[in-house]
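Trainee: What follows is model-v1.pdb, PDB, C-alpha atoms.
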ATOM      1  CA  MET A   1     106.053 -72.629 -48.436
ATOM      2  CA  MET A   2     103.463 -70.574 -46.621
ATOM      3  CA  SER A   3     103.941 -66.828 -46.314
ATOM      4  CA  ARG A   4     102.702 -64.419 -43.692
ATOM      5  CA  THR A   5     102.481 -60.652 -43.744
ATOM      6  CA  TRP A   6     102.766 -58.507 -40.659
ATOM      7  CA  ILE A   7     103.981 -55.074 -39.753
ATOM      8  CA  VAL A   8     105.818 -54.069 -36.597
ATOM      9  CA  ASP A   9     106.712 -50.499 -35.730
ATOM     10  CA  ARG A  10     109.799 -50.207 -33.506
ATOM     11  CA  GLY A  11     110.996 -46.635 -33.483
ATOM     12  CA  SER A  12     111.785 -45.736 -37.080
ATOM     13  CA  TRP A  13     111.963 -49.314 -38.377
ATOM     14  CA  ILE A  14     109.069 -50.920 -40.249
ATOM     15  CA  VAL A  15     109.274 -54.597 -41.047
ATOM     16  CA  GLU A  16     106.957 -56.526 -43.356
ATOM     17  CA  ARG A  17     107.095 -60.261 -43.739
ATOM     18  CA  ALA A  18     107.395 -61.467 -47.339
ATOM     19  CA  ALA A  19     107.057 -64.783 -49.142
ATOM     20  CA  LEU A  20     110.121 -66.987 -49.441
ATOM     21  CA  ILE A  21     112.070 -66.275 -52.628
ATOM     22  CA  VAL A  22     115.406 -67.343 -54.001
ATOM     23  CA  LEU A  23     117.857 -65.161 -52.135
ATOM     24  CA  SER A  24     121.183 -65.431 -53.907
ATOM     25  CA  ILE A  25     120.301 -64.122 -57.366
ATOM     26  CA  VAL A  26     121.343 -60.658 -58.496
ATOM     27  CA  ILE A  27     124.337 -60.701 -56.176
ATOM     28  CA  ALA A  28     127.511 -59.538 -57.832
ATOM     29  CA  SER A  29     130.524 -61.803 -57.515
ATOM     30  CA  PRO A  30     132.946 -60.480 -54.901
ATOM     31  CA  THR A  31     136.367 -59.375 -55.972
ATOM     32  CA  ALA A  32     138.359 -59.774 -52.793
ATOM     33  CA  GLY A  33     140.487 -62.863 -52.254
ATOM     34  CA  ALA A  34     139.206 -65.683 -50.091
ATOM     35  CA  GLN A  35     139.984 -65.426 -46.441
ATOM     36  CA  ARG A  36     142.529 -67.808 -45.013
ATOM     37  CA  ARG A  37     142.933 -68.066 -41.323
ATOM     38  CA  GLY A  38     146.024 -67.400 -39.235
ATOM     39  CA  ASN A  39     149.334 -65.588 -39.601
ATOM     40  CA  PRO A  40     152.073 -66.040 -36.994
ATOM     41  CA  PHE A  41     153.662 -62.732 -38.032
ATOM     42  CA  SER A  42     150.523 -60.616 -37.692
ATOM     43  CA  GLN A  43     152.003 -58.615 -34.813
ATOM     44  CA  TYR A  44     154.612 -57.201 -37.187
ATOM     45  CA  PHE A  45     152.101 -55.519 -39.470
ATOM     46  CA  GLY A  46     151.613 -52.602 -37.111
ATOM     47  CA  SER A  47     151.183 -51.434 -33.544
ATOM     48  CA  PRO A  48     148.596 -53.279 -31.431
ATOM     49  CA  ASP A  49     147.127 -49.836 -30.717
ATOM     50  CA  GLU A  50     146.758 -48.960 -34.397
ATOM     51  CA  MET A  51     143.355 -49.047 -36.117
ATOM     52  CA  TYR A  52     143.653 -50.679 -39.525
ATOM     53  CA  GLN A  53     141.901 -49.011 -42.472
ATOM     54  CA  PRO A  54     140.769 -51.416 -45.218
ATOM     55  CA  PRO A  55     141.705 -50.383 -48.775
ATOM     56  CA  ASP A  56     138.021 -50.486 -49.769
ATOM     57  CA  PHE A  57     136.947 -48.156 -46.955
ATOM     58  CA  HIS A  58     135.907 -44.711 -48.220
ATOM     59  CA  GLY A  59     134.425 -43.296 -45.040
ATOM     60  CA  ASN A  60     131.181 -43.915 -43.180
ATOM     61  CA  VAL A  61     127.956 -42.775 -44.761
ATOM     62  CA  PRO A  62     126.396 -40.030 -42.583
ATOM     63  CA  TYR A  63     123.708 -41.374 -40.274
ATOM     64  CA  ASP A  64     120.218 -40.600 -41.619
ATOM     65  CA  GLY A  65     117.973 -42.944 -39.637
ATOM     66  CA  ARG A  66     118.087 -45.854 -42.055
ATOM     67  CA  PHE A  67     119.052 -49.289 -40.885
ATOM     68  CA  THR A  68     122.761 -49.620 -41.579
ATOM     69  CA  PHE A  69     124.921 -52.692 -41.065
ATOM     70  CA  ALA A  70     127.540 -51.775 -38.451
ATOM     71  CA  ARG A  71     130.790 -53.730 -38.488
ATOM     72  CA  ILE A  72     132.832 -53.498 -35.289
ATOM     73  CA  ARG A  73     136.487 -52.613 -35.782
ATOM     74  CA  TYR A  74     139.106 -53.309 -33.155
ATOM     75  CA  ARG A  75     142.717 -52.254 -32.719
ATOM     76  CA  GLY A  76     145.714 -54.253 -33.824
ATOM     77  CA  PHE A  77     146.453 -56.717 -36.598
ATOM     78  CA  ALA A  78     145.535 -60.070 -35.055
ATOM     79  CA  HIS A  79     144.492 -62.760 -37.550
ATOM     80  CA  PHE A  80     145.933 -60.710 -40.404
ATOM     81  CA  SER A  81     145.090 -62.098 -43.853
ATOM     82  CA  GLY A  82     146.600 -60.201 -46.762
ATOM     83  CA  ARG A  83     144.400 -57.587 -48.409
ATOM     84  CA  GLU A  84     141.535 -58.479 -46.071
ATOM     85  CA  GLY A  85     143.601 -57.198 -43.164
ATOM     86  CA  PRO A  86     143.061 -58.198 -39.526
ATOM     87  CA  GLY A  87     140.279 -60.497 -38.420
ATOM     88  CA  TRP A  88     137.620 -57.853 -37.878
ATOM     89  CA  SER A  89     137.741 -56.742 -41.546
ATOM     90  CA  HIS A  90     137.601 -60.189 -43.158
ATOM     91  CA  ASP A  91     134.996 -60.427 -45.957
ATOM     92  CA  TYR A  92     134.578 -56.607 -45.957
ATOM     93  CA  PRO A  93     132.809 -54.989 -47.772
ATOM     94  CA  ASP A  94     131.379 -57.714 -50.026
ATOM     95  CA  ALA A  95     129.634 -59.606 -47.220
ATOM     96  CA  GLU A  96     127.568 -56.699 -45.932
ATOM     97  CA  GLU A  97     126.950 -55.223 -49.381
ATOM     98  CA  ASN A  98     125.453 -58.519 -50.568
ATOM     99  CA  PHE A  99     123.506 -58.973 -47.335
ATOM    100  CA  ALA A 100     122.099 -55.429 -47.462
ATOM    101  CA  LYS A 101     120.798 -56.058 -50.994
ATOM    102  CA  ILE A 102     119.048 -59.237 -49.909
ATOM    103  CA  LEU A 103     117.612 -57.566 -46.802
ATOM    104  CA  ARG A 104     116.266 -54.754 -48.993
ATOM    105  CA  ASP A 105     114.778 -57.118 -51.569
ATOM    106  CA  VAL A 106     112.921 -59.537 -49.281
ATOM    107  CA  THR A 107     111.763 -57.303 -46.418
ATOM    108  CA  ALA A 108     110.292 -53.844 -45.987
ATOM    109  CA  VAL A 109     113.503 -52.698 -44.281
ATOM    110  CA  ARG A 110     115.194 -50.094 -46.462
ATOM    111  CA  PRO A 111     118.830 -50.402 -45.434
ATOM    112  CA  PHE A 112     121.804 -48.420 -46.567
ATOM    113  CA  VAL A 113     123.355 -50.257 -49.535
ATOM    114  CA  GLU A 114     125.455 -47.809 -51.502
ATOM    115  CA  GLN A 115     126.257 -44.125 -51.746
ATOM    116  CA  GLY A 116     129.072 -43.186 -54.087
ATOM    117  CA  PRO A 117     132.166 -45.237 -53.164
ATOM    118  CA  MET A 118     130.690 -46.139 -49.748
ATOM    119  CA  VAL A 119     128.989 -49.531 -49.737
ATOM    120  CA  GLY A 120     127.421 -51.985 -47.364
ATOM    121  CA  SER A 121     128.188 -50.814 -43.865
ATOM    122  CA  VAL A 122     129.762 -48.409 -41.446
ATOM    123  CA  LEU A 123     132.905 -49.291 -39.486
ATOM    124  CA  VAL A 124     132.586 -48.402 -35.823
ATOM    125  CA  ALA A 125     134.885 -48.833 -32.822
ATOM    126  CA  LEU A 126     133.411 -49.827 -29.491
ATOM    127  CA  ASP A 127     134.546 -46.588 -27.841
ATOM    128  CA  ASP A 128     132.918 -44.439 -30.557
ATOM    129  CA  PRO A 129     129.607 -42.785 -29.479
ATOM    130  CA  LEU A 130     128.426 -43.292 -33.070
ATOM    131  CA  LEU A 131     127.873 -46.962 -32.220
ATOM    132  CA  PHE A 132     124.705 -46.106 -30.283
ATOM    133  CA  LYS A 133     122.977 -45.077 -33.516
ATOM    134  CA  TYR A 134     123.117 -48.646 -34.819
ATOM    135  CA  PRO A 135     120.923 -51.215 -33.024
ATOM    136  CA  VAL A 136     122.567 -54.213 -34.720
ATOM    137  CA  SER A 137     126.318 -54.742 -34.936
ATOM    138  CA  TYR A 138     128.609 -57.482 -36.196
ATOM    139  CA  MET A 139     132.097 -58.555 -35.158
ATOM    140  CA  SER A 140     134.219 -60.877 -37.274
ATOM    141  CA  GLU A 141     136.982 -62.956 -35.677
ATOM    142  CA  PRO A 142     136.491 -62.013 -32.009
ATOM    143  CA  GLY A 143     139.554 -64.123 -31.253
ATOM    144  CA  GLY A 144     141.623 -61.134 -32.351
ATOM    145  CA  TRP A 145     139.686 -58.687 -30.175
ATOM    146  CA  ASN A 146     141.797 -57.341 -27.301
ATOM    147  CA  PRO A 147     139.899 -54.304 -26.007
ATOM    148  CA  ASN A 148     141.150 -51.689 -23.589
ATOM    149  CA  ASP A 149     139.044 -50.535 -20.639
ATOM    150  CA  LYS A 150     137.351 -47.777 -22.621
ATOM    151  CA  GLU A 151     136.330 -50.172 -25.382
ATOM    152  CA  LEU A 152     135.029 -52.715 -22.882
ATOM    153  CA  ALA A 153     132.986 -49.970 -21.243
ATOM    154  CA  GLY A 154     131.602 -48.962 -24.639
ATOM    155  CA  PHE A 155     130.648 -52.562 -25.364
ATOM    156  CA  ARG A 156     128.941 -52.916 -21.994
ATOM    157  CA  ASN A 157     126.982 -49.669 -22.357
ATOM    158  CA  TYR A 158     125.932 -50.509 -25.907
ATOM    159  CA  ILE A 159     124.483 -53.866 -24.869
ATOM    160  CA  LEU A 160     122.828 -52.577 -21.705
ATOM    161  CA  LYS A 161     121.172 -49.743 -23.636
ATOM    162  CA  GLY A 162     119.553 -52.104 -26.107
ATOM    163  CA  GLY A 163     122.214 -52.992 -28.662
ATOM    164  CA  PHE A 164     122.379 -56.424 -30.277
ATOM    165  CA  MET A 165     125.754 -57.843 -31.323
ATOM    166  CA  ILE A 166     126.597 -60.810 -33.554
ATOM    167  CA  PHE A 167     129.941 -62.605 -33.203
ATOM    168  CA  ASP A 168     130.983 -64.587 -36.263
ATOM    169  CA  ASP A 169     133.893 -66.283 -38.021
ATOM    170  CA  PHE A 170     135.661 -68.093 -35.202
ATOM    171  CA  ARG A 171     136.231 -71.510 -33.738
ATOM    172  CA  GLU A 172     135.965 -73.145 -30.401
ATOM    173  CA  GLY A 173     139.654 -73.959 -30.578
ATOM    174  CA  TRP A 174     141.906 -74.881 -33.451
ATOM    175  CA  ARG A 175     145.050 -72.969 -32.574
ATOM    176  CA  GLY A 176     146.535 -71.698 -29.324
ATOM    177  CA  GLU A 177     144.179 -68.762 -28.752
ATOM    178  CA  TYR A 178     140.958 -70.779 -28.398
ATOM    179  CA  ASP A 179     138.769 -68.035 -29.793
ATOM    180  CA  TRP A 180     135.527 -69.122 -28.101
ATOM    181  CA  THR A 181     137.175 -69.166 -24.678
ATOM    182  CA  HIS A 182     138.745 -65.783 -25.404
ATOM    183  CA  LEU A 183     135.379 -64.274 -26.344
ATOM    184  CA  ARG A 184     133.660 -65.613 -23.240
ATOM    185  CA  GLU A 185     136.409 -64.238 -21.018
ATOM    186  CA  LEU A 186     136.077 -60.760 -22.539
ATOM    187  CA  VAL A 187     132.280 -60.753 -22.313
ATOM    188  CA  ALA A 188     132.606 -61.800 -18.661
ATOM    189  CA  LYS A 189     134.813 -58.776 -18.002
ATOM    190  CA  ALA A 190     132.219 -56.407 -19.436
ATOM    191  CA  LEU A 191     129.118 -58.282 -18.277
ATOM    192  CA  PRO A 192     130.163 -60.334 -15.223
ATOM    193  CA  ASN A 193     126.772 -61.942 -14.729
ATOM    194  CA  ALA A 194     126.238 -62.921 -18.361
ATOM    195  CA  ARG A 195     125.703 -66.610 -19.011
ATOM    196  CA  TRP A 196     126.024 -68.165 -22.473
ATOM    197  CA  ILE A 197     123.298 -70.613 -23.428
ATOM    198  CA  GLN A 198     123.482 -72.991 -26.381
ATOM    199  CA  LEU A 199     120.403 -72.514 -28.540
ATOM    200  CA  THR A 200     118.177 -75.439 -29.501
ATOM    201  CA  GLY A 201     116.474 -73.940 -32.549
ATOM    202  CA  ASN A 202     113.155 -73.382 -30.808
ATOM    203  CA  GLU A 203     113.950 -69.800 -29.778
ATOM    204  CA  PRO A 204     112.040 -66.860 -31.342
ATOM    205  CA  ILE A 205     115.121 -65.658 -33.252
ATOM    206  CA  PHE A 206     114.828 -68.698 -35.514
ATOM    207  CA  ASP A 207     111.228 -67.822 -36.388
ATOM    208  CA  SER A 208     111.376 -64.025 -36.500
ATOM    209  CA  PHE A 209     110.987 -63.896 -40.290
ATOM    210  CA  PHE A 210     111.862 -67.264 -41.803
ATOM    211  CA  LYS A 211     111.396 -70.589 -40.071
ATOM    212  CA  ILE A 212     114.937 -71.924 -39.697
ATOM    213  CA  ASP A 213     115.886 -75.478 -38.807
ATOM    214  CA  ILE A 214     119.289 -75.160 -37.133
ATOM    215  CA  LYS A 215     119.670 -78.942 -37.028
ATOM    216  CA  ALA A 216     119.767 -78.836 -40.812
ATOM    217  CA  VAL A 217     122.048 -75.794 -40.761
ATOM    218  CA  SER A 218     124.462 -77.647 -38.497
ATOM    219  CA  GLN A 219     124.863 -80.362 -41.122
ATOM    220  CA  TRP A 220     126.015 -77.977 -43.832
ATOM    221  CA  HIS A 221     129.532 -76.896 -44.586
ATOM    222  CA  THR A 222     128.678 -73.287 -43.719
ATOM    223  CA  GLU A 223     132.222 -72.339 -42.826
ATOM    224  CA  SER A 224     133.035 -72.147 -46.550
ATOM    225  CA  ALA A 225     136.806 -71.842 -46.579
ATOM    226  CA  TYR A 226     137.925 -73.867 -43.605
ATOM    227  CA  GLY A 227     137.087 -76.630 -41.206
ATOM    228  CA  ASN A 228     134.510 -79.348 -40.871
ATOM    229  CA  GLU A 229     133.149 -78.853 -37.366
ATOM    230  CA  PRO A 230     129.357 -78.340 -37.404
ATOM    231  CA  PRO A 231     128.364 -74.877 -36.179
ATOM    232  CA  THR A 232     126.603 -74.292 -32.893
ATOM    233  CA  PHE A 233     124.701 -71.178 -31.863
ATOM    234  CA  TRP A 234     125.040 -69.550 -28.464
ATOM    235  CA  ALA A 235     123.355 -66.539 -26.894
ATOM    236  CA  VAL A 236     123.226 -64.278 -23.881
ATOM    237  CA  PHE A 237     119.757 -63.179 -22.814
ATOM    238  CA  GLN A 238     118.698 -60.168 -20.798
ATOM    239  CA  ASP A 239     118.898 -61.114 -17.093
ATOM    240  CA  ASN A 240     120.005 -64.584 -18.276
ATOM    241  CA  ASP A 241     116.342 -65.368 -18.862
ATOM    242  CA  PRO A 242     115.672 -67.212 -22.169
ATOM    243  CA  LYS A 243     112.140 -65.794 -22.120
ATOM    244  CA  LYS A 244     113.533 -62.273 -22.355
ATOM    245  CA  ARG A 245     115.397 -60.438 -25.119
ATOM    246  CA  LEU A 246     118.417 -62.063 -26.709
ATOM    247  CA  ILE A 247     121.290 -59.540 -26.591
ATOM    248  CA  LEU A 248     124.399 -61.377 -27.835
ATOM    249  CA  MET A 249     124.592 -63.987 -30.594
ATOM    250  CA  ALA A 250     127.649 -66.167 -31.251
ATOM    251  CA  ASN A 251     128.024 -68.347 -34.346
ATOM    252  CA  VAL A 252     130.598 -70.848 -33.068
ATOM    253  CA  ASP A 253     132.570 -72.820 -35.683
ATOM    254  CA  ASP A 254     130.817 -70.817 -38.354
ATOM    255  CA  ASP A 255     131.417 -67.997 -40.837
ATOM    256  CA  ILE A 256     128.188 -66.600 -42.224
ATOM    257  CA  GLY A 257     130.030 -63.498 -43.447
ATOM    258  CA  GLU A 258     132.098 -65.537 -45.853
ATOM    259  CA  SER A 259     129.010 -67.280 -47.195
ATOM    260  CA  TRP A 260     127.526 -63.850 -47.912
ATOM    261  CA  GLN A 261     130.775 -62.662 -49.475
ATOM    262  CA  TRP A 262     131.014 -65.544 -51.924
ATOM    263  CA  SER A 263     127.309 -66.190 -52.532
ATOM    264  CA  GLY A 264     127.409 -64.895 -56.102
ATOM    265  CA  SER A 265     130.561 -66.733 -57.146
ATOM    266  CA  GLY A 266     129.531 -70.374 -56.934
ATOM    267  CA  PHE A 267     132.094 -70.945 -54.190
ATOM    268  CA  VAL A 268     129.196 -71.457 -51.761
ATOM    269  CA  PRO A 269     126.272 -73.480 -53.190
ATOM    270  CA  ILE A 270     123.114 -71.409 -53.664
ATOM    271  CA  SER A 271     121.052 -73.766 -51.507
ATOM    272  CA  GLU A 272     123.416 -73.148 -48.606
ATOM    273  CA  SER A 273     123.944 -69.412 -49.088
ATOM    274  CA  ASN A 274     120.162 -68.960 -49.218
ATOM    275  CA  GLU A 275     119.859 -70.466 -45.765
ATOM    276  CA  ILE A 276     122.698 -68.338 -44.408
ATOM    277  CA  TYR A 277     121.018 -65.201 -45.758
ATOM    278  CA  LYS A 278     117.831 -66.262 -44.015
ATOM    279  CA  LEU A 279     119.746 -66.684 -40.782
ATOM    280  CA  GLY A 280     121.144 -63.132 -41.043
ATOM    281  CA  ILE A 281     117.745 -61.687 -41.908
ATOM    282  CA  ASN A 282     116.241 -63.369 -38.857
ATOM    283  CA  TYR A 283     118.959 -61.835 -36.677
ATOM    284  CA  VAL A 284     118.185 -58.340 -37.946
ATOM    285  CA  ILE A 285     114.407 -58.662 -37.795
ATOM    286  CA  TYR A 286     114.571 -60.125 -34.307
ATOM    287  CA  ALA A 287     116.814 -57.297 -33.106
ATOM    288  CA  LEU A 288     114.583 -54.598 -34.597
ATOM    289  CA  THR A 289     111.410 -56.059 -33.119
ATOM    290  CA  HIS A 290     112.576 -56.998 -29.608
TER
END
Rewrite the structure of this file - the entire thing - as structure tokens.

Mentor:
Amino acid sequence: MMSRTWIVDRGSWIVERAALIVLSIVIASPTAGAQRRGNPFSQYFGSPDEMYQPPDFHGNVPYDGRFTFARIRYRGFAHFSGREGPGWSHDYPDAEENFAKILRDVTAVRPFVEQGPMVGSVLVALDDPLLFKYPVSYMSEPGGWNPNDKELAGFRNYILKGGFMIFDDFREGWRGEYDWTHLRELVAKALPNARWIQLTGNEPIFDSFFKIDIKAVSQWHTESAYGNEPPTFWAVFQDNDPKKRLILMANVDDDIGESWQWSGSGFVPISESNEIYKLGINYVIYALTH
């Protein structure tokens, strides 16, 4: 495969394009149990206003200007799944630790990977001013997201000031909540004029670092632990103009975080996890250069 090299300076981030290499090697096997969806008794695990703290969380690394994967945390215990906790913390911290290593190894981005017991990411609530230090953020299981007014305002301000958010690990509708509908309703509250557009694969985000064929991606079993529906990719663009910056990305019927989590275990075939890593790298590079 052909390689290209280019450098883009966007603030403090420098990105260099590298040749395609095998992405899943040198990834340690994750130790957390596989995620399984759904728990009808999740409301009994704690108050809906309580912020869950994962057992593997040892605090956020102090901000020092490096690119750091920011995982969005939300209140309550919706979609609770054993040690992995509520939906927002599923696949934590293995997914982002593995992804950060790959991002470091194949690009010129020098992300936070590990410092003492802290690994992979920072956990940030939408009403935390710290969020504005992280240009790229990720939310798992948005079907369990039930924000208050302050959190919705934080989400709105983050996006309008240049933030880029990825929604992952949810379905269009397999149980009563209909996660995709729920997410669209919440985004409409914060951004009333936002319009979701299904992506075709020809958009710049699919060629920001690697050339990705989403038609091929849609044929893979990228959900890993559940379901057989092919994923689709949806976005909101600035001013609803597909020629402008993409600001929200939704992986519908997909779970790229779980593919990252289990990439070193053999649970997800290497050929598939490689492509899912490439998808995540494209998201980050696109966000840092647009």

Trainee: So that all listed atoms of region 248-253 of chain A fit with 4 Å spare on each side, what axis-aligned box centre and edge lengths in Å, to one decimal, would you give as JSON?

Mentor:
{"center_x": 128.5, "center_y": -67.1, "center_z": -31.8, "size_x": 16.2, "size_y": 19.4, "size_z": 15.8}

Trainee: Which is closest to His90 (chain A) among A:Met51, A:Val136, A:Ala194, A:Ile72, if we use only C-alpha atoms?

Mentor: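 Once distances to His90 (chain A) are computed over only C-alpha atoms, the minimum belongs to A:Ile72.
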
Trainee: Kindly extract all protein, DNA and RNA residues lying within 9 Å of the coordinates (125.6, -64.3, -24.4) given in the file, considering only C-alpha atoms, and supply them as a PyMOL selection string.

Mentor: chain A and resi 184+187+194-197+234-238+240+246-250

Trainee: Any chance you could resolve the PyMOL selection byres ((chain A and resi 146) around 9) against this file and give the residues as an MDAnalysis selection string?

Mentor: chainID A and resid 48 74:76 142:145 147:148 186

Trainee: Give me the residues of region 115-211 of chain A that have any atom at most 7 Å from an atom of region 53-66 of chain A; for each, the nearest atom pair and the distance in Å, rounded to one decimal. Use only C-alpha atoms, sort by chain and number, and format it as a Markdown table.

Mentor:
| residue | atom | partner | partner_atom | distance |
| --- | --- | --- | --- | --- |
| A:Pro117 | CA | A:His58 | CA | 6.2 |
| A:Met118 | CA | A:His58 | CA | 5.6 |
| A:Val122 | CA | A:Asn60 | CA | 5.0 |
| A:Leu123 | CA | A:Asn60 | CA | 6.7 |

Trainee: For Glu203 (chain A), which residue out of A:Lys101, A:Arg245, A:Lys189, A:Tyr134 is the nearest one, using all atoms listed in the file?

Mentor: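 Closest candidate: A:Arg245.
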
Trainee: One decimal, in Å: what's the spacing between CA of Phe167 (chain A) and CA of Ser137 (chain A)?

Mentor: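 Computing it gives 8.8 Å between the two atoms.
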
Trainee: So, counting all atoms listed in the file, which residue among A:Ala188, A:Asp127, A:Asp168, A:Lys243 is closest to Asn202 (chain A)?

Mentor: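 Nearest candidate to Asn202 (chain A) out of A:Ala188, A:Asp127, A:Asp168, A:Lys243: A:Lys243.
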
Trainee: Mind listing as an NGL selection string all residues within 10 Å of (114.9, -74.7, -39.8), counting only C-alpha atoms?

Mentor: :A and (201-202 or 206-207 or 210-217 or 275 or 278-279)

Trainee: Expressed in Å to a single decimal, how great is the separation between CA of Asp253 (chain A) and CA of Glu151 (chain A)?

Mentor: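 Separation of CA of Asp253 (chain A) and CA of Glu151 (chain A): 25.2 Å.
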
Trainee: Take the PyMOL selection byres ((chain A and resi 67) around 7), apply it to the structure above, and return the hits as a list in words.

Mentor: Gly65, Arg66, Thr68, Phe69, Arg110, Pro111 and Phe112 of chain A

Trainee: Rounded to one decimal place, report the CA of Phe209 (chain A)-CA of Gly87 (chain A) distance in Å.

Mentor: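 Between CA of Phe209 (chain A) and CA of Gly87 (chain A) the gap is 29.5 Å.
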
Trainee: Between A:Val124, A:Ile256, A:Ile281, A:Met165, which has the minimum distance to Ala108 (chain A) (counting all atoms listed in the file)?

Mentor: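 Counting all atoms listed in the file, the residue closest to Ala108 (chain A) is A:Ile281.
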
Trainee: Region 126-196 of chain A near region 96-100 of chain A within 12 Å: what's each residue's closest atom pair and its distance in Å to one decimal, counting all atoms listed in the file, ordered by chain then ascending residue number, as JSON lines?

Mentor:
{"residue": "A:Ser137", "atom": "CA", "partner": "A:Glu96", "partner_atom": "CA", "distance": 11.2}
{"residue": "A:Tyr138", "atom": "CA", "partner": "A:Glu96", "partner_atom": "CA", "distance": 9.8}
{"residue": "A:Met139", "atom": "CA", "partner": "A:Glu96", "partner_atom": "CA", "distance": 11.8}
{"residue": "A:Ser140", "atom": "CA", "partner": "A:Glu96", "partner_atom": "CA", "distance": 11.7}

Trainee: Need to verify the contact set: Ile159 (chain A), 10 Å, all atoms listed in the file, exclusion of same-chain residues closer than 3 positions in sequence. Can you return it as a ChimeraX atom specification?

Mentor: /A:132,135,154-156,162-165,190-191,238,247-248

Trainee: Nearest residue to Glu172 (chain A) out of A:Gly82, A:Val252, A:Phe77, A:Asn274, using all atoms listed in the file?

Mentor: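 Smallest separation from Glu172 (chain A) among the options: A:Val252.
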
Trainee: Can you work out which one of A:Leu160, A:Ala78, A:Val268, A:Leu199 has the shortest atom-to-atom distance to Glu50 (chain A), counting all atoms listed in the file?

Mentor: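 Using all atoms listed in the file, the shortest distance to Glu50 (chain A) belongs to A:Ala78.
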